[in-house]
Structures are given as structure tokens and as C-alpha cells.
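In what follows, a single structure is set out as C-alpha cells and then discussed.
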Amino acid sequence: MATELIMSAPPSNSKPTTAAAGSLDALVTDAATLARRYVRITDRQPNGIVAFEFSVGWPDMSVELALPEEMFNEFCSKNKVEFLTEAVGEKLGDHHDEH
């Protein structure tokens with residue numbers, strides 16, 4: 001049984017939201033920003049597992065995932081991801097959002 005991993009963007013008629021200035025959530029979010037999906041491959045294992053970072057809207061806030069290559073390719077296709085280059089990965093660093 002296959003599991004679908006698809007992220008949904010908010011409706012295109014959604015309005016940008018803002019938080020109080022100076023708060024951690026003080027980001028302007030709109031449908032165009034949230035529609036962007038990013039993947040940075042971090043490892044390909046000999047058993048076919050692809051480890052990668054996936055982010056929505058902002059490439060510097062990501063989650064680490066691992067999938068078999070076939071599922072990874074399907075995930076990327078369905079989410080219409082933009083692949084980040086090594087140069088971007090180096091700029092973001094290995095643990096750019098850990099607290």
C-alpha cells in the first residue's frame with residue numbers, strides 16, 4: 001500500500017498574514033511563498049535510500065526525510081520541488097535551524 005506525501009498550498013485567494021513586529025513569527029506569508037517547495041539531497045545510501053531536507057516557503061527551515069529512491073522521485077514530482085544546489089546547501093549549513 002503506497003502512502004502519498006503531498007503538501008497543499010493555501011487557496012490562492014488567501015491573504016498574507018503577519019505577526020507582531022519582532023516576534024519569531026513576523027514573516028509575511030502568501031500563497032506564492034507557501035507554494036514553493038525545496039529539496040536538498042544530503043545522502044544517497046547504497047541500499048537506495050535518499051536522505052534529504054524538505055522545506056516549504058523558505059529553504060532555511062526544513063525537515064529531514066529519507067525515502068527509497070522511487071518514492072523520493074514520486075514525492076518530488078508530486079510536490080513540484082525546486083532542487084537546491086550544493087552552493088545553497090553550504091550557505092545554509094548542515095544544521096541551520098537547530099535550536
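Numbering starts fresh at 1 for the residues of each chain in the C-alpha cells, the chains themselves are lettered A, B, ... in the order given, and ligands are numbered from 1 as they appear.
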Query raised in the report: Phe52 in chain A: which residues within 12 Å, counting only C-alpha atoms, same-chain residues fewer than 3 positions away excluded, as a PyMOL selection string?
Result: chain A and resi 38-45+49+55+62-69+72-73+75-76+83-84+89+94
Using N, CA and C atoms, can you write the selected residues to a file as an mmCIF file, in the first residue's frame?
data_model
loop_
_atom_site.group_PDB
_atom_site.id
_atom_site.type_symbol
_atom_site.label_atom_id
_atom_site.label_comp_id
_atom_site.auth_asym_id
_atom_site.auth_seq_id
_atom_site.Cartn_x
_atom_site.Cartn_y
_atom_site.Cartn_z
ATOM 1 N N TYR A 38 11.117 23.034 -1.627
ATOM 2 C CA TYR A 38 12.549 22.882 -1.870
ATOM 3 C C TYR A 38 13.038 21.533 -1.358
ATOM 4 N N VAL A 39 13.991 20.955 -2.078
ATOM 5 C CA VAL A 39 14.647 19.720 -1.653
ATOM 6 C C VAL A 39 16.149 19.906 -1.800
ATOM 7 N N ARG A 40 16.851 19.463 -0.764
ATOM 8 C CA ARG A 40 18.319 19.400 -0.836
ATOM 9 C C ARG A 40 18.718 17.983 -0.455
ATOM 10 N N ILE A 41 19.279 17.238 -1.397
ATOM 11 C CA ILE A 41 19.707 15.862 -1.138
ATOM 12 C C ILE A 41 20.959 15.912 -0.262
ATOM 13 N N THR A 42 20.923 15.174 0.839
ATOM 14 C CA THR A 42 22.067 15.158 1.750
ATOM 15 C C THR A 42 22.845 13.852 1.706
ATOM 16 N N ASP A 43 22.207 12.771 1.211
ATOM 17 C CA ASP A 43 22.909 11.485 1.153
ATOM 18 C C ASP A 43 22.142 10.514 0.266
ATOM 19 N N ARG A 44 22.883 9.681 -0.429
ATOM 20 C CA ARG A 44 22.307 8.551 -1.177
ATOM 21 C C ARG A 44 23.002 7.304 -0.667
ATOM 22 N N GLN A 45 22.239 6.415 -0.066
ATOM 23 C CA GLN A 45 22.813 5.219 0.530
ATOM 24 C C GLN A 45 22.848 4.078 -0.480
ATOM 25 N N ILE A 49 18.247 4.269 -0.432
ATOM 26 C CA ILE A 49 17.574 5.294 0.359
ATOM 27 C C ILE A 49 18.184 6.661 0.061
ATOM 28 N N SER A 55 11.631 21.592 2.446
ATOM 29 C CA SER A 55 11.118 22.816 3.046
ATOM 30 C C SER A 55 9.995 23.397 2.197
ATOM 31 N N SER A 62 13.733 23.580 7.343
ATOM 32 C CA SER A 62 13.442 22.312 6.677
ATOM 33 C C SER A 62 13.292 21.176 7.671
ATOM 34 N N VAL A 63 12.776 20.061 7.159
ATOM 35 C CA VAL A 63 12.727 18.806 7.901
ATOM 36 C C VAL A 63 13.578 17.803 7.150
ATOM 37 N N GLU A 64 14.166 16.883 7.881
ATOM 38 C CA GLU A 64 14.977 15.840 7.267
ATOM 39 C C GLU A 64 14.103 14.619 7.035
ATOM 40 N N LEU A 65 14.162 14.088 5.826
ATOM 41 C CA LEU A 65 13.384 12.914 5.457
ATOM 42 C C LEU A 65 14.279 11.918 4.735
ATOM 43 N N ALA A 66 13.825 10.682 4.662
ATOM 44 C CA ALA A 66 14.530 9.645 3.900
ATOM 45 C C ALA A 66 13.483 8.726 3.283
ATOM 46 N N LEU A 67 13.658 8.470 1.993
ATOM 47 C CA LEU A 67 12.731 7.609 1.261
ATOM 48 C C LEU A 67 13.509 6.746 0.281
ATOM 49 N N PRO A 68 12.950 5.585 -0.077
ATOM 50 C CA PRO A 68 13.540 4.824 -1.174
ATOM 51 C C PRO A 68 13.510 5.691 -2.435
ATOM 52 N N GLU A 69 14.469 5.504 -3.337
ATOM 53 C CA GLU A 69 14.623 6.388 -4.486
ATOM 54 C C GLU A 69 13.353 6.548 -5.315
ATOM 55 N N PHE A 72 11.050 8.751 -3.418
ATOM 56 C CA PHE A 72 11.628 10.094 -3.413
ATOM 57 C C PHE A 72 11.311 10.813 -4.725
ATOM 58 N N ASN A 73 11.519 10.136 -5.845
ATOM 59 C CA ASN A 73 11.244 10.733 -7.153
ATOM 60 C C ASN A 73 9.768 11.098 -7.293
ATOM 61 N N PHE A 75 7.649 11.697 -4.778
ATOM 62 C CA PHE A 75 7.425 12.791 -3.822
ATOM 63 C C PHE A 75 7.818 14.124 -4.454
ATOM 64 N N CYS A 76 8.999 14.163 -5.073
ATOM 65 C CA CYS A 76 9.493 15.399 -5.690
ATOM 66 C C CYS A 76 8.607 15.829 -6.853
ATOM 67 N N PHE A 83 15.093 21.926 -6.672
ATOM 68 C CA PHE A 83 16.265 21.328 -6.048
ATOM 69 C C PHE A 83 17.279 22.416 -5.718
ATOM 70 N N LEU A 84 17.743 22.409 -4.487
ATOM 71 C CA LEU A 84 18.751 23.372 -4.062
ATOM 72 C C LEU A 84 20.131 22.853 -4.444
ATOM 73 N N GLY A 89 23.284 24.807 -0.230
ATOM 74 C CA GLY A 89 23.426 23.948 0.946
ATOM 75 C C GLY A 89 24.578 24.369 1.827
ATOM 76 N N ASP A 94 24.987 22.666 7.666
ATOM 77 C CA ASP A 94 24.436 21.345 7.947
ATOM 78 C C ASP A 94 23.277 21.375 8.926
#
Requested in this report: Quote the spacing between CA of Pro46 in chain A and CA of Asn79 in chain A in Å to one decimal place.
Outcome: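 Between CA of Pro46 in chain A and CA of Asn79 in chain A the gap is 25.1 Å.
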Query raised in the report: What is the CA of Thr85 in chain A-CA of Glu70 in chain A distance in Å, reported with one decimal?
Result: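 Calculated distance between CA of Thr85 in chain A and CA of Glu70 in chain A is 20.9 Å.
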Report task. Give me, please, the distance in Å between CA of Ala35 in chain A and CA of Trp58 in chain A, quoted to one decimal. Result -> 10.3 Å
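Using only C-alpha atoms, the shortest contact distance between Ala31 in chain A and any of A:Val81, A:Val56, A:Val50, A:Met61 is found at A:Val56.
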